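*Asks:* Please read through the structure below; I'll follow up with questions.
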Amino acid sequence: MIKVGLILGIAGACRTDELVDLTVDDIEDVGSSLIVKIPNTKTKIPRIFVVTDVGNMLELFRKYLSLRPPHVKHKRLFLYYKAGKCSSQPVGKNTMGKIPSVVASYLKLPDVACYTGHCLRRSSATLLADAGVDITTIKRHAGWKSTTVAEGYVENSIENKTKIANQVLVGTTTSAITKTVNVSESNIPSNINFENCTNVTFNLNVNK
């Protein structure tokens with residue numbers, strides 16, 4: 001349950017309530033990925049996200065789903081897993097909200113109690129910001145109405161701060177240098193070496 005909750009929570013920037021309310025009907029397995037629908041959200045904006053098969057994530061989900069007892073009368077996705085099998089009792093908000101602290105404890109991180117259920121949502125947005133994703137995409141992914149919230153993740157992104165630090169302390173070159181080399185069949189060089197180059201564009205013109 002913890003692994004599947006972690007996968008869905010981070011992949012979809014899910015709130016604890018959204019994970020608790022997920023049903024088996026909200027997830028469509030299309031073979032190469034999972035299409036997950038979040039119909040009821042805090043902002044009243046339904047969301048859809050996809051989980052791809054990275055690190056056997058789909059296998060973990062399918063294995064968890066296969067453990068579901070056939071006599072369960074409700075459709076809630078997350079069930080309590082005890083003594084090697086799933087019960088019919090659905091997981092509540094408190095248990096779902098403890099997933100980050102359980103993971104933090106396993107990783108032996110300090111201040112385990114600080115890792116609340118909201119960490120899954122924050123982690124998803126932070127990963128997107130670190131990857132250089134624009135604010136509009138982050139807003140849409142997490143279902144935020146406020147641009148200010150999304151901007152906070154971009155501004156606090158370590159990757160962005162590192163890029164800014166390099167620009168300030170190291171400097172960048174934006175000037176373009178054009179070099180034209182005429183090569184004939186008789187003087188084709190055996191090799192050409194380029195060093196310390198960024199944003200290089202080669203234009204090859206073949207004249208017969």
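Chain labels run A, B, ... following the order of the structure tokens; each chain numbers its residues from 1, and ligands are numbered from 1 in the order shown.
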Using DSSP secondary structure from the backbone, list all helix (DSSP H, G or I) positions within stretch 74-189 of chain A, as a PyMOL selection string.
*Replies:* chain A and resi 93-97+99-106+112-114+119-130+135-142+147-155+158-169+185-187
*Asks:* Quick one: residues within 9 Å of stretch 64-73 of chain A, only C-alpha atoms counted, chain neighbours fewer than 6 positions away excluded, as a VMD selection string?
*Replies:* chain A and resid 1 4 24 79 85 to 89
*Asks:* Would you mind exporting N, CA, C and O atoms of the selected residues as a short mmCIF file (atom, residue, chain, number, x, y, z; two decimals), in the first residue's frame?
*Replies:*
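This is the output file result22.cif:
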```cif
data_model
loop_
_atom_site.label_atom_id
_atom_site.label_comp_id
_atom_site.auth_asym_id
_atom_site.auth_seq_id
_atom_site.Cartn_x
_atom_site.Cartn_y
_atom_site.Cartn_z
N MET A 1 0.83 -1.20 0.00
CA MET A 1 0.00 0.00 0.00
C MET A 1 0.86 1.25 0.00
O MET A 1 0.58 2.22 -0.71
N VAL A 4 2.51 1.92 -3.53
CA VAL A 4 1.51 2.38 -4.52
C VAL A 4 1.05 3.79 -4.18
O VAL A 4 0.89 4.64 -5.06
N VAL A 24 -11.14 2.02 -7.68
CA VAL A 24 -10.58 1.19 -8.75
C VAL A 24 -11.10 1.67 -10.11
O VAL A 24 -10.45 1.43 -11.15
N LEU A 79 -6.61 -0.46 0.50
CA LEU A 79 -7.10 -1.30 1.59
C LEU A 79 -5.95 -1.61 2.54
O LEU A 79 -4.77 -1.56 2.15
N LYS A 85 -1.75 -10.22 3.48
CA LYS A 85 -2.92 -10.15 2.61
C LYS A 85 -3.70 -8.86 2.87
O LYS A 85 -3.56 -8.22 3.92
N CYS A 86 -4.54 -8.50 1.90
CA CYS A 86 -5.36 -7.30 2.03
C CYS A 86 -6.66 -7.64 2.75
O CYS A 86 -7.25 -8.69 2.54
N SER A 87 -7.10 -6.72 3.60
CA SER A 87 -8.41 -6.86 4.22
C SER A 87 -9.41 -6.07 3.39
O SER A 87 -9.06 -5.47 2.38
N SER A 88 -10.64 -6.07 3.79
CA SER A 88 -11.66 -5.32 3.06
C SER A 88 -11.82 -3.91 3.61
O SER A 88 -12.57 -3.10 3.06
N GLN A 89 -11.08 -3.60 4.68
CA GLN A 89 -11.18 -2.28 5.32
C GLN A 89 -10.40 -1.23 4.53
O GLN A 89 -9.21 -1.40 4.27
#
```
*Asks:* Nearest residue to A:Cys14 out of A:Arg47, A:Lys145, A:Arg76, A:Arg121, using only C-alpha atoms?
*Replies:* A:Arg121
*Asks:* Mind listing the strand (DSSP E or B) residues of stretch 10-194 of chain A, per DSSP on the backbone, as a PDB file with C-alpha atoms, in the first residue's frame?
*Replies:*
```pdb
ATOM      1  CA  THR A  23     -11.484   4.065  -6.461  1.00  0.00           C
ATOM      2  CA  ILE A  27      -7.630   4.111 -12.733  1.00  0.00           C
ATOM      3  CA  GLU A  28      -7.434   2.696 -16.239  1.00  0.00           C
ATOM      4  CA  ASP A  29      -4.627   0.275 -17.064  1.00  0.00           C
ATOM      5  CA  SER A  33       0.719   3.182 -18.540  1.00  0.00           C
ATOM      6  CA  LEU A  34      -1.980   3.997 -16.007  1.00  0.00           C
ATOM      7  CA  ILE A  35      -4.459   6.800 -16.622  1.00  0.00           C
ATOM      8  CA  VAL A  36      -5.587   8.151 -13.270  1.00  0.00           C
ATOM      9  CA  LYS A  37      -8.577  10.439 -12.774  1.00  0.00           C
ATOM     10  CA  ILE A  38      -9.040  12.641  -9.708  1.00  0.00           C
ATOM     11  CA  ARG A  47      -7.403  16.262 -12.844  1.00  0.00           C
ATOM     12  CA  ILE A  48      -6.005  13.449 -14.932  1.00  0.00           C
ATOM     13  CA  PHE A  49      -2.423  12.206 -14.749  1.00  0.00           C
ATOM     14  CA  VAL A  50      -0.468   9.305 -16.172  1.00  0.00           C
ATOM     15  CA  VAL A  51       1.893   6.824 -14.545  1.00  0.00           C
ATOM     16  CA  THR A  52       4.389   5.292 -16.959  1.00  0.00           C
ATOM     17  CA  ARG A  76     -12.000   2.256  -2.664  1.00  0.00           C
ATOM     18  CA  LEU A  79      -7.097  -1.303   1.586  1.00  0.00           C
ATOM     19  CA  TYR A  80      -5.287  -2.274   4.764  1.00  0.00           C
ATOM     20  CA  TYR A  81      -2.583  -4.847   4.145  1.00  0.00           C
ATOM     21  CA  LYS A  82      -1.824  -7.111   7.110  1.00  0.00           C
ATOM     22  CA  LYS A  85      -2.924 -10.148   2.606  1.00  0.00           C
ATOM     23  CA  CYS A  86      -5.363  -7.302   2.027  1.00  0.00           C
ATOM     24  CA  SER A  87      -8.407  -6.858   4.221  1.00  0.00           C
ATOM     25  CA  SER A  88     -11.658  -5.321   3.057  1.00  0.00           C
ATOM     26  CA  GLN A  89     -11.185  -2.279   5.317  1.00  0.00           C
ATOM     27  CA  PRO A  90     -10.340   0.896   3.375  1.00  0.00           C
TER      28      PRO A  90
END
```
*Asks:* Select, from A:Asn94, A:Ala142, A:Val20, A:Asp134, the residue with the minimum atom-to-atom distance to A:Gly5, counting only C-alpha atoms.
*Replies:*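 The closest residue to A:Gly5 is A:Val20.
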*Asks:* Ranking A:His118, A:His74, A:Lys139, A:Lys42 by minimum distance to A:Gly152 and counting only C-alpha atoms, which one comes first?
*Replies:*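 Closest residue, counting only C-alpha atoms: A:Lys139.
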*Asks:* List the neighbours of A:Gly143 out to 8 Å using only C-alpha atoms; skip same-chain residues closer than 6 positions along the sequence, and give me the result as number ranges by chain.
*Replies:* A: 43, 45-47
*Asks:* Please determine, counting only C-alpha atoms, which residue among A:Gly31, A:Pro39, A:Gly12, A:Gly117 has the shortest atom-to-atom distance to A:Lys98.
*Replies:*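 Checking each candidate against A:Lys98, we get A:Gly117 as the closest.
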*Asks:* To one decimal place in Å, what is the distance between atom CA of A:Val91 and atom CA of A:Tyr106?
*Replies:*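 Atom CA of A:Tyr106 lies 20.6 Å from atom CA of A:Val91.
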